[in-house]
>>> print(open('protein_35.txt').read())   # compact mmCIF, C-alpha atoms
# COMPACT_ATOMS: atom_id res chain seq x y z
CA MET S 328 104.77 93.87 114.60
CA LYS S 329 104.14 92.93 111.01
CA SER S 330 100.55 92.77 109.85
CA PHE S 331 98.96 89.37 109.38
CA PHE S 332 98.36 90.15 105.74
CA ASN S 333 102.04 90.84 105.15
CA ILE S 334 103.05 87.61 106.88
CA ILE S 335 100.64 85.60 104.72
CA HIS S 336 101.85 87.33 101.58
CA HIS S 337 105.51 86.71 102.49
CA LEU S 338 104.88 83.01 103.15
CA GLU S 339 103.00 82.60 99.87
CA HIS S 340 105.78 84.38 97.98
CA LEU S 341 108.45 82.28 99.70
CA ASN S 342 106.62 79.09 98.67
CA ARG S 343 106.54 80.23 95.03
CA LEU S 344 110.24 81.15 95.03
CA GLU S 345 111.21 77.84 96.62
CA ASP S 346 109.11 75.95 94.08
CA ASP S 347 110.87 77.82 91.27
CA LEU S 348 114.28 77.06 92.77
CA ALA S 349 113.40 73.36 93.10
CA VAL S 350 112.34 73.13 89.44
CA ASN S 351 115.20 75.19 88.10
CA PRO S 352 118.31 74.88 90.30
CA ASP S 353 120.22 77.12 87.86
CA THR S 354 118.02 80.05 88.89
CA PRO S 355 120.04 83.25 89.31
CA HIS S 356 121.52 84.02 92.70
CA ALA S 357 119.06 86.91 92.89
CA ALA S 358 116.22 84.44 93.53
CA MET S 359 118.13 82.85 96.39
CA ALA S 360 118.90 86.27 97.79
CA GLN S 361 115.23 87.16 97.53
CA CYS S 362 114.36 84.04 99.56
CA ARG S 363 116.82 85.12 102.26
CA GLU S 364 115.32 88.63 102.33
CA ILE S 365 111.79 87.31 102.71
CA ARG S 366 112.86 84.83 105.39
CA ALA S 367 114.37 87.74 107.35
CA LEU S 368 110.92 89.37 107.44
CA LEU S 369 109.19 86.36 109.02
CA PRO S 370 109.00 85.34 112.69
CA VAL S 371 111.31 82.44 113.62
CA GLU S 372 108.42 80.24 114.82
CA LEU S 373 106.77 80.52 111.39
CA LEU S 374 110.01 79.80 109.55
CA GLU S 375 110.49 76.63 111.58
CA ALA S 376 106.94 75.48 110.78
CA HIS S 377 107.35 76.51 107.12
CA ASP S 378 110.62 74.59 106.76
CA GLN S 379 109.15 71.46 108.37
CA ILE S 380 106.12 71.54 106.06
CA ARG S 381 108.26 72.18 102.97
CA LEU S 382 110.45 69.18 103.87
CA SER S 383 107.34 67.03 103.55
CA GLY S 384 106.85 68.37 100.01
CA ASN S 385 103.81 70.52 100.75
CA THR S 386 103.06 74.20 100.39
CA SER S 387 103.34 75.68 103.85
CA VAL S 388 100.37 78.06 103.89
CA ALA S 389 96.80 77.99 102.63
CA ALA S 390 93.54 79.77 103.24
CA MET S 391 90.75 78.11 105.14
CA LEU S 392 87.32 78.95 103.78
CA PHE S 393 84.09 77.70 105.33
CA ARG S 394 86.27 75.57 107.67
CA TYR S 395 87.85 73.63 104.77
CA CYS S 396 91.61 73.42 104.39
CA GLY S 397 92.70 75.13 101.18
CA ALA S 398 95.51 72.60 100.72
CA CYS S 399 93.82 69.22 101.24
CA CYS S 400 90.09 70.17 101.29
CA THR S 401 89.56 68.49 104.66
CA LEU S 402 86.92 69.91 107.00
CA VAL S 403 88.64 71.49 110.01
CA ASP S 404 87.22 70.68 113.43
CA PRO S 405 85.73 73.85 115.00
CA ALA S 406 87.50 73.02 118.29
CA LEU S 407 90.82 73.60 116.52
CA LEU S 408 89.78 77.18 115.77
CA SER S 409 89.47 78.00 119.47
CA GLN S 410 93.03 76.86 120.28
CA PRO S 411 95.99 79.25 120.46
CA ARG S 412 97.30 80.16 117.01
CA LEU S 413 100.85 80.11 115.72
CA ALA S 414 101.99 83.75 115.44
CA GLY S 415 98.46 84.69 116.49
CA LEU S 416 97.16 83.79 113.05
CA PHE S 417 97.60 80.19 111.93
CA VAL S 418 96.06 76.89 112.90
CA ILE S 419 97.67 73.73 111.61
CA CYS S 420 95.59 71.38 109.49
CA PRO S 421 95.52 68.06 111.35
CA HIS S 422 95.49 66.16 108.06
CA CYS S 423 98.18 67.78 105.87
CA LYS S 424 99.95 69.95 108.51
CA THR S 425 99.61 73.13 106.41
CA LEU S 426 99.47 76.50 108.17
CA LEU S 427 95.91 77.73 107.72
CA TYR S 428 94.55 81.23 108.00
CA GLU S 429 90.87 82.07 107.93
CA MET S 430 89.64 83.52 104.68
CA ARG S 431 86.42 85.44 104.93
CA GLU S 432 83.81 85.25 102.20
CA GLY S 433 84.22 88.18 99.83
CA CYS S 434 87.91 88.75 100.66
CA SER S 435 89.72 87.93 97.47
CA GLU S 436 92.86 89.97 98.10
CA PHE S 437 94.65 91.37 101.09
CA PRO S 438 96.24 94.80 101.01
CA VAL S 439 99.99 94.61 101.49
CA ASN S 440 101.79 97.66 102.83
CA GLU S 441 105.25 96.24 103.37
CA SER S 442 107.33 95.91 100.24
CA ILE S 443 108.58 92.53 99.13
CA PRO S 444 111.97 92.31 97.49
CA LYS S 445 111.67 92.39 93.72
CA SER S 446 112.88 89.51 91.61
CA ASN S 447 115.72 90.28 89.20
CA ARG S 448 114.72 87.97 86.39
>>> encode(input="protein_35.txt", output="structure tokens")
Amino acid sequence: MKSFFNIIHHLEHLNRLEDDLAVNPDTPHAAMAQCREIRALLPVELLEAHDQIRLSGNTSVAAMLFRYCGACCTLVDPALLSQPRLAGLFVICPHCKTLLYEMREGCSEFPVNESIPKSNR
């Protein structure tokens, strides 16, 4: 099983690549290939949620700090935190539908052990 930190990192990277592709459709095929490689590393249930969120024009993943959604700044109901989590990690913001993971105070970066495909820009 992939670590939670790797999954978060992959989703964040996928969002950035997709944003770049949307802004510049003439991006080299390498960027599209990189998206496919990252998608292959993610669980299907997360890809489905990611794709649905991206269709709405939003970033699919954000940190939740002090129970506030990192995407829309809405306070998340504590009852939501006790429900089963998507891929064992994410709750879904009831307001903006972003996948949220809990960010602990003092954790600015997560270690990533699994390599992410490099961009050929």
>>> atom_distance(input="protein_35.txt", atom1="CA of Thr425 (chain S)", atom2="CA of Leu407 (chain S)")
13.4 Å
>>> atom_distance(input="protein_35.txt", atom1="CA of Ala398 (chain S)", atom2="CA of Leu368 (chain S)")
23.7 Å
>>> atom_distance(input="protein_35.txt", atom1="CA of Cys423 (chain S)", atom2="CA of Cys399 (chain S)")
6.5 Å
>>> closest_residue(input="protein_35.txt", among="S:Asp353, S:Glu375, S:Glu429, S:Asp347", to="Ser387 (chain S)", atoms="all atoms listed in the file")
S:Glu375
>>> residues_around(input="protein_35.txt", residues="Leu341 (chain S)", least_positions_apart="2", cutoff="10 Å", atoms="all atoms listed in the file", output="list in words")
Ile335, His336, His337, Leu338, Glu339, Arg343, Leu344, Glu345, Asp346, Asp347, Gln361, Cys362, Arg363, Glu364, Ile365, Arg366, His377, Thr386 and Ser387 of chain S
>>> residues_around(input="protein_35.txt", residues="Leu373 (chain S)", least_positions_apart="6", cutoff="12 Å", atoms="only C-alpha atoms", output="MDAnalysis selection string")
chainID S and resid 331 334:335 337:338 341 366:367 379:381 387:388 412:419 425:427
>>> residues_around(input="protein_35.txt", residues="Asp404 (chain S)", least_positions_apart="2", cutoff="12 Å", atoms="all atoms listed in the file", output="PyMOL selection string")
chain S and resi 391+393-396+401-402+406-410+418-422
